[in-house]
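Q: Okay, handing you the structure first.
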Amino acid sequence: MRQRPTDHGRTARRGRSFAARFAVMVVAAMVAAMPVAARAQEIAPYDDKLMRLAEILGALHHLRPLCGATDEAQTWRDQMTALVEAEQPSPERARRLVESFNHSYRGLAATHHTCTDTARTLIERYTAEGAALAQEVVVRWGRS
């Protein structure tokens with residue numbers, strides 16, 4: 001979707017608002033996910049969701065600032081840090097989470113050098129998928 005020059009401000013504000021809500025949801029998902037004893041396990045039942053969420057955070061870390069959200073330059077890396085800290089994974093799980101983030105970031109950085117319609121579409125898809133994943137983790141594995 002192309003932005004008209006006149007609605008850039010409104011689109012940027014809407015993007016920041018969503019980014020803030022998404023960031024809060026990620027942290028809430030991680031804090032509520034599992035009791036500490038379960039977090040210490042090498043593989044949690046929601047690991048596939050966390051790895052995908054880490055990939056999405058890495059993608060957004062590259063794409064959002066590329067497409068004009070310069071105020072989010074560290075937002076997605078900070079969310080990844082919060083995810084790891086809240087999850088309290090073993091060193092091996094932490095390494096896998098960070099590798100998922102970095103792999104996604106590097107892959108998109110290698111192919112997207114400017115903000116294009118494709119990059120904006122990816123942002124929309126990743127934010128929707130990330131919000132859904134975070135919500136699923138809270139609902140399915142959250143503390144009662």
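Simple scheme: letters A, B, ... for chains in structure tokens order, numbers from 1 for residues in each chain, numbers from 1 for ligands in the order shown.
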Within 9 Å of region 112-120 of chain A, counting only C-alpha atoms, which residues show up once you throw out same-chain ones fewer than 4 positions away? Write them as a list in words, please.
A: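 What passes the distance filter is Met1, Arg2, His62, Leu63, Arg64, Leu66, Cys67, Gly68, Gly107, Leu108, Glu124 and Arg125 of chain A.
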Q: Take the residues just selected and output them with N, CA, C and O atoms as an mmCIF file, in the first residue's frame.
A:
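Writing done, so here's again_29.cif:
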data_model
loop_
_atom_site.group_PDB
_atom_site.id
_atom_site.type_symbol
_atom_site.label_atom_id
_atom_site.label_comp_id
_atom_site.auth_asym_id
_atom_site.auth_seq_id
_atom_site.Cartn_x
_atom_site.Cartn_y
_atom_site.Cartn_z
ATOM 1 N N MET A 1 0.842 -1.166 0.000
ATOM 2 C CA MET A 1 0.000 0.000 0.000
ATOM 3 C C MET A 1 0.887 1.227 0.000
ATOM 4 O O MET A 1 1.760 1.367 0.844
ATOM 5 N N ARG A 2 0.691 2.096 -0.944
ATOM 6 C CA ARG A 2 1.490 3.308 -1.018
ATOM 7 C C ARG A 2 0.916 4.375 -0.104
ATOM 8 O O ARG A 2 -0.288 4.516 0.012
ATOM 9 N N HIS A 62 14.916 -4.671 11.537
ATOM 10 C CA HIS A 62 15.468 -4.125 10.292
ATOM 11 C C HIS A 62 14.439 -3.297 9.527
ATOM 12 O O HIS A 62 14.735 -2.179 9.097
ATOM 13 N N LEU A 63 13.246 -3.827 9.357
ATOM 14 C CA LEU A 63 12.281 -3.211 8.442
ATOM 15 C C LEU A 63 11.637 -1.923 8.959
ATOM 16 O O LEU A 63 11.433 -0.995 8.182
ATOM 17 N N ARG A 64 11.255 -1.868 10.230
ATOM 18 C CA ARG A 64 10.547 -0.675 10.723
ATOM 19 C C ARG A 64 11.402 0.584 10.574
ATOM 20 O O ARG A 64 10.931 1.560 9.983
ATOM 21 N N LEU A 66 13.888 1.037 8.562
ATOM 22 C CA LEU A 66 14.115 1.203 7.125
ATOM 23 C C LEU A 66 12.957 1.956 6.481
ATOM 24 O O LEU A 66 13.152 2.762 5.574
ATOM 25 N N CYS A 67 11.759 1.711 6.961
ATOM 26 C CA CYS A 67 10.561 2.334 6.391
ATOM 27 C C CYS A 67 10.108 3.563 7.175
ATOM 28 O O CYS A 67 8.931 3.920 7.167
ATOM 29 N N GLY A 68 11.028 4.206 7.874
ATOM 30 C CA GLY A 68 10.733 5.509 8.447
ATOM 31 C C GLY A 68 10.465 5.566 9.930
ATOM 32 O O GLY A 68 10.332 6.643 10.489
ATOM 33 N N GLY A 107 19.043 -11.720 7.067
ATOM 34 C CA GLY A 107 18.429 -12.099 5.796
ATOM 35 C C GLY A 107 17.686 -10.939 5.152
ATOM 36 O O GLY A 107 17.805 -10.704 3.947
ATOM 37 N N LEU A 108 16.932 -10.206 5.951
ATOM 38 C CA LEU A 108 16.191 -9.066 5.405
ATOM 39 C C LEU A 108 17.113 -7.900 5.086
ATOM 40 O O LEU A 108 16.902 -7.189 4.100
ATOM 41 N N GLU A 124 3.545 -5.283 7.856
ATOM 42 C CA GLU A 124 2.155 -5.543 8.235
ATOM 43 C C GLU A 124 1.954 -7.017 8.599
ATOM 44 O O GLU A 124 1.319 -7.338 9.605
ATOM 45 N N ARG A 125 2.497 -7.902 7.795
ATOM 46 C CA ARG A 125 2.329 -9.338 8.047
ATOM 47 C C ARG A 125 3.039 -9.769 9.321
ATOM 48 O O ARG A 125 2.492 -10.537 10.116
#
Q: Which one of A:Ile123, A:Arg140, A:Leu50, A:Arg96 sits closest to Pro65 (chain A) if you count only C-alpha atoms?
A: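 For Pro65 (chain A), the nearest of the given residues is A:Ile123.
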Q: Calculate how many Å separate CA of Arg106 (chain A) from CA of Glu85 (chain A), rounding to one decimal.
A: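 That distance, rounded to one decimal, is 22.5 Å.
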Q: In Å, with one decimal, what is the gap from CA of Asp47 (chain A) to CA of Ala109 (chain A)?
A: 25.1 Å
